[in-house]
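One structure below.
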Amino acid sequence: MTVGFALCGSFCTFSKVIPQIEILARNYEIYPIMSPVAAECDTRFGRASDFVSRIEEICQMPVITTIAGAEPIGPKKLLDALIIAPATGNTLAKLALGITDTSVTMAAKAHLRNSRPLIIAPSTNDGLFTSAKNIGLLSSMKNVYFVPYSQDDAEGKPASLVAHMEKIPETLALALEGKQIQPILA
């Protein structure tokens, strides 16, 4: 079974996401995908090249970072499921509105045309503000599933949401059966 694993630029969650890729790689062939921002920007959370190298080592294949690289996912039916973790507010908006301008959004568009599960793990500072409507739109779409999420800092960042990344494997297993893990709001 093949699973795409796409990372967007919520760098603060990479330390929780990469161990989930390691877990999934034990049972699935993983196609790694990174947005250009995730693959190219060095931050206080680490160097982009180190993240890319680590992910390629885990998956034993190169990271897809371009629209052209992600496009064949659909016509070749490469994936049984696609996970976007972390999914930034920017990516949530693009997915909700059908905008395809990064490797991650192209992978999602190409994958969804095959009526296969897309699993989204949001990580955004505006999840209870401007991104709320996009989460709502995506929640109502066929073949879209969410990793359970909650406020990550209700006092300091009251609109911020982050997925419980440790629930990615369980969410994937249920999504492959056509079921949404519950509760979504943890």
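Identifiers for the structure tokens are assigned positionally: chains receive A, B, ... in sequence, residues are indexed from 1 per chain, and ligands are indexed from 1 in the order shown.
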Shell of 8 Å around Ser150 of chain A, only C-alpha atoms, local chain residues under 3 positions omitted, as an MDAnalysis selection string: chainID A and resid 161:164 185:186
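By chain and then residue number, the residues within 7 Å of segment 9-13 of chain A are Val37, Ala38, Phe45, Pro86, Thr88 and Ser123 of chain A, counting only C-alpha atoms and disregarding those fewer than 5 positions away in sequence.
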Those same residues, written as a short mmCIF file (atom, residue, chain, number, x, y, z; two decimals), in the first residue's frame with N, CA and C atoms?
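Written file, again.cif:
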data_model
loop_
_atom_site.label_atom_id
_atom_site.label_comp_id
_atom_site.auth_asym_id
_atom_site.auth_seq_id
_atom_site.Cartn_x
_atom_site.Cartn_y
_atom_site.Cartn_z
N VAL A 37 8.17 26.06 0.38
CA VAL A 37 8.55 26.73 1.63
C VAL A 37 9.12 25.72 2.61
N ALA A 38 8.45 24.60 2.80
CA ALA A 38 8.90 23.58 3.75
C ALA A 38 10.25 23.01 3.35
N PHE A 45 13.65 26.31 13.87
CA PHE A 45 13.33 24.92 14.17
C PHE A 45 14.26 23.94 13.45
N PRO A 86 2.21 18.95 8.49
CA PRO A 86 1.16 19.87 8.89
C PRO A 86 0.53 20.56 7.68
N THR A 88 -0.99 24.00 6.73
CA THR A 88 -1.07 25.40 7.17
C THR A 88 -2.41 26.01 6.79
N SER A 123 -2.46 22.81 11.17
CA SER A 123 -1.61 23.51 12.11
C SER A 123 -1.59 24.97 11.67
#
Would you return as an mmCIF file with N, CA and C atoms, in the first residue's frame the members of chain A that DSSP assigns to strand (DSSP E) on this structure's backbone?
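Writing the result to states_10.cif gives the following:
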data_model
loop_
_atom_site.group_PDB
_atom_site.id
_atom_site.type_symbol
_atom_site.label_atom_id
_atom_site.label_comp_id
_atom_site.auth_asym_id
_atom_site.auth_seq_id
_atom_site.Cartn_x
_atom_site.Cartn_y
_atom_site.Cartn_z
ATOM 1 N N THR A 2 0.509 2.248 -0.778
ATOM 2 C CA THR A 2 1.314 3.459 -0.905
ATOM 3 C C THR A 2 0.581 4.652 -0.307
ATOM 4 N N VAL A 3 1.341 5.487 0.407
ATOM 5 C CA VAL A 3 0.795 6.664 1.071
ATOM 6 C C VAL A 3 1.679 7.851 0.736
ATOM 7 N N GLY A 4 1.051 8.941 0.319
ATOM 8 C CA GLY A 4 1.779 10.187 0.160
ATOM 9 C C GLY A 4 1.793 10.904 1.493
ATOM 10 N N PHE A 5 2.906 11.528 1.832
ATOM 11 C CA PHE A 5 2.993 12.296 3.070
ATOM 12 C C PHE A 5 3.542 13.662 2.713
ATOM 13 N N ALA A 6 2.679 14.679 2.795
ATOM 14 C CA ALA A 6 3.030 16.029 2.374
ATOM 15 C C ALA A 6 3.175 16.951 3.574
ATOM 16 N N LEU A 7 4.259 17.695 3.599
ATOM 17 C CA LEU A 7 4.520 18.647 4.677
ATOM 18 C C LEU A 7 4.463 20.070 4.143
ATOM 19 N N GLU A 29 4.609 2.041 1.804
ATOM 20 C CA GLU A 29 5.575 2.736 0.963
ATOM 21 C C GLU A 29 5.165 4.208 0.996
ATOM 22 N N ILE A 30 6.081 5.081 1.408
ATOM 23 C CA ILE A 30 5.762 6.491 1.594
ATOM 24 C C ILE A 30 6.372 7.326 0.475
ATOM 25 N N TYR A 31 5.519 8.091 -0.211
ATOM 26 C CA TYR A 31 5.966 9.081 -1.183
ATOM 27 C C TYR A 31 6.030 10.430 -0.470
ATOM 28 N N PRO A 32 7.230 10.960 -0.211
ATOM 29 C CA PRO A 32 7.323 12.236 0.501
ATOM 30 C C PRO A 32 7.120 13.420 -0.443
ATOM 31 N N ILE A 33 6.390 14.407 0.055
ATOM 32 C CA ILE A 33 6.086 15.625 -0.694
ATOM 33 C C ILE A 33 6.285 16.789 0.263
ATOM 34 N N MET A 34 6.904 17.853 -0.202
ATOM 35 C CA MET A 34 7.049 19.054 0.623
ATOM 36 C C MET A 34 6.728 20.275 -0.219
ATOM 37 N N ALA A 81 -3.595 6.614 -0.313
ATOM 38 C CA ALA A 81 -4.036 7.709 0.564
ATOM 39 C C ALA A 81 -2.970 8.797 0.530
ATOM 40 N N LEU A 82 -3.393 10.019 0.841
ATOM 41 C CA LEU A 82 -2.477 11.151 0.932
ATOM 42 C C LEU A 82 -2.720 11.861 2.250
ATOM 43 N N ILE A 83 -1.636 12.117 2.977
ATOM 44 C CA ILE A 83 -1.687 12.832 4.252
ATOM 45 C C ILE A 83 -1.009 14.184 4.052
ATOM 46 N N ILE A 84 -1.654 15.251 4.530
ATOM 47 C CA ILE A 84 -1.011 16.565 4.577
ATOM 48 C C ILE A 84 -0.858 16.915 6.048
ATOM 49 N N ALA A 85 0.402 16.896 6.504
ATOM 50 C CA ALA A 85 0.684 17.160 7.917
ATOM 51 C C ALA A 85 2.080 17.755 8.029
ATOM 52 N N PRO A 86 2.207 18.953 8.487
ATOM 53 C CA PRO A 86 1.157 19.871 8.889
ATOM 54 C C PRO A 86 0.525 20.558 7.679
ATOM 55 N N ALA A 87 -0.747 20.870 7.812
ATOM 56 C CA ALA A 87 -1.470 21.644 6.797
ATOM 57 C C ALA A 87 -1.661 23.055 7.343
ATOM 58 N N LEU A 118 -7.947 11.656 1.452
ATOM 59 C CA LEU A 118 -7.030 12.749 1.754
ATOM 60 C C LEU A 118 -7.174 13.039 3.238
ATOM 61 N N ILE A 119 -6.080 12.904 3.984
ATOM 62 C CA ILE A 119 -6.090 13.103 5.436
ATOM 63 C C ILE A 119 -5.366 14.409 5.723
ATOM 64 N N ILE A 120 -6.025 15.301 6.461
ATOM 65 C CA ILE A 120 -5.479 16.626 6.733
ATOM 66 C C ILE A 120 -5.244 16.791 8.233
ATOM 67 N N ALA A 121 -4.036 17.241 8.583
ATOM 68 C CA ALA A 121 -3.662 17.529 9.974
ATOM 69 C C ALA A 121 -3.362 19.026 10.080
ATOM 70 N N PRO A 122 -4.360 19.835 10.446
ATOM 71 C CA PRO A 122 -4.149 21.281 10.450
ATOM 72 C C PRO A 122 -3.169 21.757 11.515
ATOM 73 N N SER A 123 -2.465 22.807 11.170
ATOM 74 C CA SER A 123 -1.608 23.512 12.112
ATOM 75 C C SER A 123 -1.588 24.969 11.668
ATOM 76 N N THR A 124 -2.422 25.786 12.327
ATOM 77 C CA THR A 124 -2.566 27.167 11.895
ATOM 78 C C THR A 124 -2.938 28.073 13.057
ATOM 79 N N VAL A 144 -12.354 13.451 2.213
ATOM 80 C CA VAL A 144 -11.464 14.277 3.026
ATOM 81 C C VAL A 144 -11.710 13.936 4.489
ATOM 82 N N TYR A 145 -10.616 13.668 5.201
ATOM 83 C CA TYR A 145 -10.671 13.266 6.609
ATOM 84 C C TYR A 145 -9.707 14.143 7.399
ATOM 85 N N PHE A 146 -10.036 14.396 8.660
ATOM 86 C CA PHE A 146 -9.191 15.227 9.505
ATOM 87 C C PHE A 146 -8.588 14.426 10.649
ATOM 88 N N TYR A 149 -7.915 17.600 16.163
ATOM 89 C CA TYR A 149 -7.164 18.812 16.479
ATOM 90 C C TYR A 149 -7.805 19.546 17.645
ATOM 91 N N SER A 150 -7.036 20.468 18.226
ATOM 92 C CA SER A 150 -7.546 21.291 19.326
ATOM 93 C C SER A 150 -6.728 22.575 19.388
ATOM 94 N N GLN A 151 -7.147 23.472 20.274
ATOM 95 C CA GLN A 151 -6.369 24.684 20.504
ATOM 96 C C GLN A 151 -5.038 24.284 21.119
ATOM 97 N N LEU A 161 -5.056 26.439 16.095
ATOM 98 C CA LEU A 161 -5.384 25.012 16.148
ATOM 99 C C LEU A 161 -4.189 24.201 15.695
ATOM 100 N N VAL A 162 -4.024 23.046 16.308
ATOM 101 C CA VAL A 162 -2.995 22.114 15.851
ATOM 102 C C VAL A 162 -3.522 20.685 16.006
ATOM 103 N N ALA A 163 -3.204 19.875 15.013
ATOM 104 C CA ALA A 163 -3.623 18.464 15.037
ATOM 105 C C ALA A 163 -2.788 17.687 16.040
#
Neighbouring residues of Ser103 of chain A were defined as those with any atom within 8 Å, considering only C-alpha atoms; residues of the same chain fewer than 4 positions away were excluded. Please report them as a PyMOL selection string. chain A and resi 33-36+64-70+107
Could you dump the residues just selected with N, CA and C atoms as a tab-separated table (two decimals), in the first residue's frame?
chain	number	residue	atom	x	y	z
A	33	ILE	N	6.39	14.41	0.06
A	33	ILE	CA	6.09	15.63	-0.69
A	33	ILE	C	6.28	16.79	0.26
A	34	MET	N	6.90	17.85	-0.20
A	34	MET	CA	7.05	19.05	0.62
A	34	MET	C	6.73	20.27	-0.22
A	35	SER	N	6.05	21.24	0.40
A	35	SER	CA	5.84	22.51	-0.27
A	35	SER	C	7.20	23.16	-0.48
A	36	PRO	N	7.31	24.06	-1.45
A	36	PRO	CA	8.60	24.75	-1.63
A	36	PRO	C	9.07	25.45	-0.35
A	64	ILE	N	9.22	15.02	-3.34
A	64	ILE	CA	8.60	15.74	-4.45
A	64	ILE	C	8.39	17.19	-3.99
A	65	THR	N	8.94	18.14	-4.73
A	65	THR	CA	8.86	19.55	-4.33
A	65	THR	C	8.30	20.46	-5.41
A	66	THR	N	7.91	19.89	-6.55
A	66	THR	CA	7.42	20.72	-7.65
A	66	THR	C	6.02	20.29	-8.09
A	67	ILE	N	5.33	21.19	-8.74
A	67	ILE	CA	4.02	20.88	-9.30
A	67	ILE	C	4.17	19.78	-10.34
A	68	ALA	N	5.16	19.89	-11.20
A	68	ALA	CA	5.38	18.86	-12.23
A	68	ALA	C	5.67	17.50	-11.61
A	69	GLY	N	6.37	17.48	-10.50
A	69	GLY	CA	6.66	16.22	-9.83
A	69	GLY	C	5.44	15.59	-9.19
A	70	ALA	N	4.49	16.43	-8.75
A	70	ALA	CA	3.29	15.93	-8.07
A	70	ALA	C	2.17	15.56	-9.03
A	107	ALA	N	-0.58	17.72	-5.50
A	107	ALA	CA	-0.68	16.32	-5.07
A	107	ALA	C	-2.10	16.03	-4.59
Nearby residues (only C-alpha atoms) at most 7 Å from Gly127 of chain A, same-chain spacing under 5 positions excluded, as a PyMOL selection string: chain A and resi 132+159-161
Quick one: pick out all alpha helix (DSSP H) residues within chain A from a backbone DSSP run and write them as a PyMOL selection string. chain A and resi 14-25+36-40+48-59+67-70+89-97+103-112+132-139+168-175
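For Lys94 of chain A, the list of residues within 12 Å, based on only C-alpha atoms and with local chain neighbours fewer than 4 positions off taken out, reads Ala87, Thr88, Gly89, Asn90, Gly98, Ile99, Thr100, Asp101, Thr102, Ser103, Val104, Thr105, Met106, Ala108, Lys109, Ser131, Asn134, Ile135, Leu137 and Leu138 of chain A.
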Contacts of segment 48-59 of chain A at 6 Å (only C-alpha atoms; same-chain gap of 6+ positions) as a PyMOL selection string: chain A and resi 30+39-42
Based on the selection just made, write C-alpha atoms of those residues as a PDB file, in the first residue's frame.
ATOM      1  CA  ILE A  30       5.762   6.491   1.594  1.00  0.00           C
ATOM      2  CA  ALA A  39      11.703  22.233   1.555  1.00  0.00           C
ATOM      3  CA  GLU A  40      13.704  25.457   1.218  1.00  0.00           C
ATOM      4  CA  CYS A  41      13.363  27.665   4.322  1.00  0.00           C
ATOM      5  CA  ASP A  42      15.768  27.447   7.229  1.00  0.00           C
TER       6      ASP A  42
END
For a quick check of understanding, using only C-alpha atoms, which of A:Ile21, A:Leu112, A:Ala173, A:Cys8 has the smallest distance to Asn143 of chain A? A:Leu112
Kindly indicate which residue among A:Gln180, A:Asn125, A:Asn114, A:Thr130 lies nearest to Ile73 of chain A, using only C-alpha atoms for the distances. A:Asn114
With only C-alpha atoms as the basis for distance, which of A:Pro183, A:Gly46, A:Gln60, A:Lys142 is at the shortest distance from Glu22 of chain A? A:Gln60
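Checking A:Leu92, A:Asp126, A:Met141, A:Ser15 one by one against Asp153 of chain A, counting only C-alpha atoms, you find the shortest gap at A:Asp126.
Pairwise distance (atom CA of Glu177 of chain A, atom CA of Val147 of chain A) equals 14.8 Å.
Nearest to Pro117 of chain A of all the residues A:Ile181, A:Leu172, A:Ile23, A:Met61 is A:Leu172, based on only C-alpha atoms.
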